[in-house]
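*Asks:* Pasting a structure below so you can have a look.
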Amino acid sequence: MLSWIDEQSPLPPAHTALGADTDAPGLVAAGGRVTPARLEEAYRMGIFPWYGPGQPPLWWSPDPRMVLPVAGFKLSRSLRKTLRRFVHDPRCEVRFDSDFAAVIRACASTPREGQDGTWIVPELMQAYIDWHHLGRVHSAETWVDGQLVGGLYFVNIGRVCFGESMFAHRTDASKIAMAAFVAACRARGVALIDCQQNTRHLASLGAGEISRIQFLAQVAHGTRAMAPADWTYDENAWSLLDPEILHPGQA
């Protein structure tokens, strides 16, 4: 039976989510209000919000869970070439947290793979913006000629990151931001990126499914660690993906 919560109720444990034999497998609870405090509680429990216009807040923990081991990120040959050009082009920049609000607005206007419409309703958007001001949510951004052309945003608790959504206004712009994000994770000792649900794009990057039990154990362990001090862009982190990105021919 689905649990309904109010603003004061704690979220039920992730393992109480509705099963595969229901209409909403992975749904843990409904109701309450989305705030930074509620988001902090949810993510530490392996739960995330996902709902549409006109719906109450819905709280999910799917089984299996799609995750990207940072060490297992697949850098394709074509993306490697793109990164070499991008890094050495003075018109191009990667930034972190330069314009978080613009990133989440752009993500809100970009449907997820295989879905129509947005899942980032205004209440949810504002909650993540507020959480960003508290230092828990960050954006990785691709800029060309001073214009934001792609990016993503993510939650960071301890040594775990939770990827949320991405967008691109130019070819490969979101892939560049994703590669920069992974490089930054490697530089900061982050081992796992939660991707929530399975998509072909994420699978092509090296993401795969694990059981909810495995995921919750990794989150419990990783979120106990101290979080990175900041997410300032460091060009040298590219060498952790491939030394030739910065220094072609010198690997």
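Labels used: A, B, ... for chains in the order of the structure tokens, numbers from 1 for residues in each chain, and numbers from 1 for ligands as shown.
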Please provide the set of residues having any atom within 7 Å of region 166-181 of chain A, restricted to only C-alpha atoms, with same-chain residues fewer than 5 positions apart removed, written as a PyMOL selection string.
*Replies:* chain A and resi 83+106-107+110+140-142+149-153
*Asks:* At a cut-off of 10 Å, using only C-alpha atoms, what residues contact Leu124 (chain A)? Leave out same-chain residues fewer than 6 positions from it and give the result as a ChimeraX atom specification.
*Replies:* /A:33-36,39,49-52,57,130
*Asks:* Which distance in Å separates CA of Gly206 (chain A) and CA of Gly46 (chain A), to one decimal?
*Replies:*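 CA of Gly46 (chain A) lies 20.7 Å from CA of Gly206 (chain A).
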*Asks:* Mind listing the alpha helix (DSSP H) residues of region 1-246 of chain A, per DSSP on the backbone, as a ChimeraX atom specification?
*Replies:* /A:36-44,77-87,100-108,122-133,173-188,200-204,212-222,243-246
*Asks:* Please provide as an mmCIF file with N, CA and C atoms, in the first residue's frame all residues within 10 Å of Glu93 (chain A), with the sequence filter that same-chain residues fewer than 2 positions apart are discarded (counting only C-alpha atoms).
*Replies:*
data_model
loop_
_atom_site.group_PDB
_atom_site.id
_atom_site.type_symbol
_atom_site.label_atom_id
_atom_site.label_comp_id
_atom_site.auth_asym_id
_atom_site.auth_seq_id
_atom_site.Cartn_x
_atom_site.Cartn_y
_atom_site.Cartn_z
ATOM 1 N N PHE A 86 37.608 21.174 -28.196
ATOM 2 C CA PHE A 86 36.940 22.101 -27.288
ATOM 3 C C PHE A 86 37.919 22.729 -26.303
ATOM 4 N N VAL A 87 38.736 21.910 -25.668
ATOM 5 C CA VAL A 87 39.652 22.392 -24.634
ATOM 6 C C VAL A 87 40.654 23.399 -25.175
ATOM 7 N N HIS A 88 41.023 23.248 -26.440
ATOM 8 C CA HIS A 88 42.047 24.126 -27.021
ATOM 9 C C HIS A 88 41.459 25.275 -27.842
ATOM 10 N N ASP A 89 40.137 25.414 -27.824
ATOM 11 C CA ASP A 89 39.483 26.501 -28.547
ATOM 12 C C ASP A 89 39.228 27.653 -27.573
ATOM 13 N N PRO A 90 39.815 28.812 -27.777
ATOM 14 C CA PRO A 90 39.647 29.924 -26.824
ATOM 15 C C PRO A 90 38.214 30.430 -26.711
ATOM 16 N N ARG A 91 37.362 30.065 -27.654
ATOM 17 C CA ARG A 91 35.956 30.488 -27.578
ATOM 18 C C ARG A 91 35.138 29.618 -26.642
ATOM 19 N N ARG A 95 32.380 25.567 -17.204
ATOM 20 C CA ARG A 95 32.223 26.244 -15.928
ATOM 21 C C ARG A 95 31.384 25.379 -14.997
ATOM 22 N N GLU A 141 28.680 23.162 -16.828
ATOM 23 C CA GLU A 141 28.149 23.967 -17.926
ATOM 24 C C GLU A 141 29.123 24.053 -19.102
ATOM 25 N N THR A 142 28.580 24.022 -20.300
ATOM 26 C CA THR A 142 29.344 24.196 -21.531
ATOM 27 C C THR A 142 29.014 25.559 -22.124
ATOM 28 N N TRP A 143 30.037 26.374 -22.322
ATOM 29 C CA TRP A 143 29.867 27.727 -22.857
ATOM 30 C C TRP A 143 30.658 27.882 -24.148
ATOM 31 N N VAL A 144 30.064 28.555 -25.129
ATOM 32 C CA VAL A 144 30.741 28.871 -26.395
ATOM 33 C C VAL A 144 30.442 30.329 -26.731
ATOM 34 N N ASP A 145 31.481 31.088 -26.960
ATOM 35 C CA ASP A 145 31.336 32.519 -27.275
ATOM 36 C C ASP A 145 30.492 33.246 -26.221
ATOM 37 N N GLY A 146 30.700 32.889 -24.958
ATOM 38 C CA GLY A 146 29.995 33.549 -23.885
ATOM 39 C C GLY A 146 28.544 33.150 -23.721
ATOM 40 N N GLN A 147 28.095 32.108 -24.436
ATOM 41 C CA GLN A 147 26.711 31.646 -24.366
ATOM 42 C C GLN A 147 26.650 30.246 -23.752
ATOM 43 N N LEU A 148 25.701 30.043 -22.867
ATOM 44 C CA LEU A 148 25.474 28.728 -22.282
ATOM 45 C C LEU A 148 24.792 27.834 -23.320
ATOM 46 N N ALA A 177 29.794 18.532 -21.026
ATOM 47 C CA ALA A 177 29.539 18.801 -19.612
ATOM 48 C C ALA A 177 29.604 17.524 -18.787
ATOM 49 N N TYR A 233 35.931 24.608 -11.515
ATOM 50 C CA TYR A 233 36.493 23.934 -12.691
ATOM 51 C C TYR A 233 38.007 23.974 -12.664
ATOM 52 N N GLU A 235 41.013 22.710 -15.201
ATOM 53 C CA GLU A 235 41.349 22.141 -16.511
ATOM 54 C C GLU A 235 42.208 20.892 -16.387
#
*Asks:* Kindly indicate which residue among A:Leu192, A:Val121, A:Ile104, A:Ala37 lies nearest to Pro56 (chain A), using only C-alpha atoms for the distances.
*Replies:* A:Val121
*Asks:* Determine, counting only C-alpha atoms, which protein, DNA and RNA residues have an atom within 12 Å of an atom of Val190 (chain A); residues of the same chain fewer than 2 positions away are not included. Present the result as a PyMOL selection string.
*Replies:* chain A and resi 68-71+155-162+181-188+192-194+218-219+221-223+225-228+231
*Asks:* Kindly assemble as a tab-separated table a list of the region 162-214 of chain A residues that lie within 6 Å of region 62-66 of chain A, each paired with its nearest atom pair and their distance in Å to one decimal, using only C-alpha atoms, sorted first by chain and then by ascending residue number.
*Replies:*
residue	atom	partner	partner_atom	distance
A:Cys195	CA	A:Met66	CA	5.2
A:Gln196	CA	A:Met66	CA	5.1
A:Gln197	CA	A:Met66	CA	5.1
A:Asn198	CA	A:Met66	CA	5.4
A:Gly208	CA	A:Met66	CA	5.4
A:Glu209	CA	A:Met66	CA	4.4
A:Ile210	CA	A:Arg65	CA	5.4
A:Ser211	CA	A:Pro64	CA	4.5
A:Arg212	CA	A:Asp63	CA	5.0
*Asks:* When you draw a straight line from CA of Ala17 (chain A) to CA of Ile47 (chain A), how long is it in Å?
*Replies:*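 Result for CA of Ala17 (chain A) versus CA of Ile47 (chain A): 9.8 Å, one decimal.
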*Asks:* I need the strand (DSSP E) residues of region 115-199 of chain A per DSSP on the backbone, written as number ranges by chain.
*Replies:* A: 137-144, 147-157, 160-168, 192-196
*Asks:* Would you output that residue set with C-alpha atoms, as an mmCIF file, in the first residue's frame?
*Replies:*
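again27.cif, written as the output of this step:
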data_model
loop_
_atom_site.group_PDB
_atom_site.id
_atom_site.type_symbol
_atom_site.label_atom_id
_atom_site.label_comp_id
_atom_site.auth_asym_id
_atom_site.auth_seq_id
_atom_site.Cartn_x
_atom_site.Cartn_y
_atom_site.Cartn_z
ATOM 1 C CA VAL A 137 23.432 21.046 -5.795
ATOM 2 C CA HIS A 138 25.807 22.036 -8.603
ATOM 3 C CA SER A 139 25.865 22.560 -12.352
ATOM 4 C CA ALA A 140 28.450 21.617 -14.974
ATOM 5 C CA GLU A 141 28.149 23.967 -17.926
ATOM 6 C CA THR A 142 29.344 24.196 -21.531
ATOM 7 C CA TRP A 143 29.867 27.727 -22.857
ATOM 8 C CA VAL A 144 30.741 28.871 -26.395
ATOM 9 C CA GLN A 147 26.711 31.646 -24.366
ATOM 10 C CA LEU A 148 25.474 28.728 -22.282
ATOM 11 C CA VAL A 149 24.935 25.925 -24.810
ATOM 12 C CA GLY A 150 24.697 22.800 -22.661
ATOM 13 C CA GLY A 151 24.995 21.439 -19.189
ATOM 14 C CA LEU A 152 23.686 19.316 -16.369
ATOM 15 C CA TYR A 153 23.002 19.570 -12.676
ATOM 16 C CA PHE A 154 23.727 17.135 -9.880
ATOM 17 C CA VAL A 155 23.425 16.600 -6.148
ATOM 18 C CA ASN A 156 26.560 15.878 -4.090
ATOM 19 C CA ILE A 157 26.426 14.294 -0.639
ATOM 20 C CA VAL A 160 28.296 10.176 -3.967
ATOM 21 C CA CYS A 161 26.805 12.267 -6.757
ATOM 22 C CA PHE A 162 23.265 12.032 -8.040
ATOM 23 C CA GLY A 163 22.892 13.085 -11.671
ATOM 24 C CA GLU A 164 19.602 14.836 -12.302
ATOM 25 C CA SER A 165 19.092 16.210 -15.805
ATOM 26 C CA MET A 166 20.994 17.597 -18.778
ATOM 27 C CA PHE A 167 20.355 19.688 -21.860
ATOM 28 C CA ALA A 168 22.119 20.671 -25.076
ATOM 29 C CA LEU A 192 29.554 6.654 -7.881
ATOM 30 C CA ILE A 193 27.061 8.702 -9.889
ATOM 31 C CA ASP A 194 23.403 7.790 -9.488
ATOM 32 C CA CYS A 195 21.599 7.929 -12.833
ATOM 33 C CA GLN A 196 18.195 6.806 -11.477
#
